[in-house]
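Read through the structure below, which is laid out as structure tokens, and then see the notes.
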Amino acid sequence: MNRPTSTLPLPPIGPFKRFLLPVFTLAQREIVRFLRQRTRVTGALVQPILFWILFGAGLRGSFKPPEWAASGMTYQEYFFPGVTVMILMFTAIFSTISIIEDRKEGFLQGVLVSPIPRISIVLGKLLGGTILAVLQAVLFIFLGPLLKIVGLAPDFQTGITIASLIPLILFLFLLGFSLTALGYLIAWPMESTQGFHAIMSVFLMPMWLLSGSFFPAAESGWLSWIIRANPLTYGVTGLRRILAPESSLTSAPGNPSMIVCLTVTILVCIIYVTIAVWMTQQRSTRNAR
């Protein structure tokens with residue numbers, strides 16, 4: 001004898017939960033994917049550390065510290081914030097490449113046809129990539145100076161204190177969120193990972209090189225104007241101010257203040273995210289395939 005089955009109505013999902021649940025689900029998926037693809041650590045963390053060690057050793061003798069630098073600043077000490085930003089950028093690149101892979105596998109199409117808001121899709125992908133980027137950047141900031149034990153790094157202080165730890169993490173999160181959003185903008189219209197790597201070579205890497213990460217800006221000339229017009233310059237300078245608050249960087253003429261760095265980075269992040277949401281809301285045959 002068949003027993004009657006009770007059909008209880010499912011509890012309604014509020015709009016707030018409908019917005020947040022996809023965000024945290026997609027972010028969790030990015031983190032789980034990263035843990036299952038541990039070779040991504042090689043590209044996102046190990047390669048910048050090798051750059052820091054090799055370039056620091058090779059350019060140590062020819063490096064001329066800028067005027068704002070403290071006396072005796074080595075190239076590896078100057079290059080330290082730039083490598084941290086490089087780690088954020090590499091992690092953003094690898095996390096947003098998954099958009100192209102998800103489209104090929106059909107996962108992205110399934111997410112797009114679901115009733116969740118498109119902004120939740122964008123924020124979920126960006127949040128997952130940003131968390132991974134910040135974790136790796138913080139790991140490098142604390143472990144990088146310890147390489148002096150084996151003779152691979154000079155003896156220098158990062159300037160991190162208990163009071164500056166929270167501002168450091170918050171600024172890294174803001175900068176990582178902005179870079180991940182930029183990677184999202186590049187990856188969304190791409191159909192192949194080869195095209196993404198081509199854009200990375202001709203756009204993202206020069207953007208990082210011309211941000212004051214690799215070499216200080218000249219006092220005059222066209223190169224100094226390009227560096228000042230680069231929005232990533234203000235992220236690198238802001239991070240440098242947090243890592244070295246006791247240096248004469250605060251009184252350097254022509255150097256953007258922390259307020260300017262925060263303002264530019266926040267505005268650029270808002271612009272990137274707004275464009276990313278707008279692109280995701282556009283219906284095209286590419287999303288339906």
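Here, A, B, ... name the chains of the structure tokens in the order displayed, residue numbers run from 1 inside each chain, and ligands are numbered from 1 in the same displayed order.
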
Name all residues at most 9 Å from A:Ser257 (count only C-alpha atoms; drop same-chain ones fewer than 5 positions away) and give them as a PyMOL selection string.
chain A and resi 234+237-238+241+250+262

Pick from A:Phe80, A:Leu108, A:Phe140, A:Ile162: nearest to A:Val46, with only C-alpha atoms counted?
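Among the listed residues, A:Phe140 lies closest to A:Val46.
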
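Residue nearest A:Ala153, chosen from A:Ala57, A:Leu267, A:Ile275, A:Leu139 and counting only C-alpha atoms: A:Ala57.
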
Within 12 Å of A:Trp208 using only C-alpha atoms, minus same-chain residues under 5 positions, as a short mmCIF file (atom, residue, chain, number, x, y, z; two decimals) with C-alpha atoms, in the first residue's frame:
data_model
loop_
_atom_site.label_atom_id
_atom_site.label_comp_id
_atom_site.auth_asym_id
_atom_site.auth_seq_id
_atom_site.Cartn_x
_atom_site.Cartn_y
_atom_site.Cartn_z
CA PRO A 81 56.04 46.34 -2.90
CA GLY A 82 56.18 45.89 -6.67
CA VAL A 83 56.56 42.12 -6.34
CA THR A 84 53.63 42.08 -3.91
CA VAL A 85 51.48 43.83 -6.53
CA MET A 86 52.79 41.38 -9.12
CA ILE A 87 51.54 38.48 -6.98
CA LEU A 88 48.12 40.14 -6.78
CA MET A 89 48.08 40.59 -10.56
CA PHE A 90 49.19 37.04 -11.36
CA LEU A 179 43.02 43.86 -10.48
CA MET A 200 48.51 39.93 -20.67
CA SER A 201 51.81 40.26 -22.54
CA VAL A 202 50.98 43.51 -24.35
CA PHE A 203 48.83 45.20 -21.70
CA SER A 213 57.18 48.74 -9.34
CA PHE A 214 60.25 47.78 -11.32
CA PHE A 215 62.07 51.12 -11.48
CA ILE A 226 52.98 57.65 -18.43
CA ILE A 227 53.77 56.38 -14.94
CA ASN A 230 48.88 54.70 -14.88
CA PRO A 231 46.21 53.94 -12.23
CA LEU A 232 48.27 51.02 -10.90
CA THR A 233 50.99 53.50 -9.89
CA TYR A 234 48.78 54.75 -7.08
CA GLY A 235 48.19 51.22 -5.84
CA VAL A 236 51.93 50.52 -5.73
#

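Considering the residues A:Ile149, A:Ile97, A:Ala92, A:Val138 and counting only C-alpha atoms, A:Ser192 has its shortest atom-to-atom contact with A:Ile97.
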
For each of A:Tyr272, A:Phe51, A:Phe34, A:Tyr75, take the minimum atom-to-atom distance to A:Asp155, counting only C-alpha atoms, then give the residue where this is smallest.
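Using only C-alpha atoms, A:Asp155 sits closest to A:Tyr75.
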
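Between A:Pro189 and the residues A:Thr265, A:Thr274, A:Gln282, A:Ser114, the shortest atom-to-atom distance, using only C-alpha atoms, involves A:Gln282.
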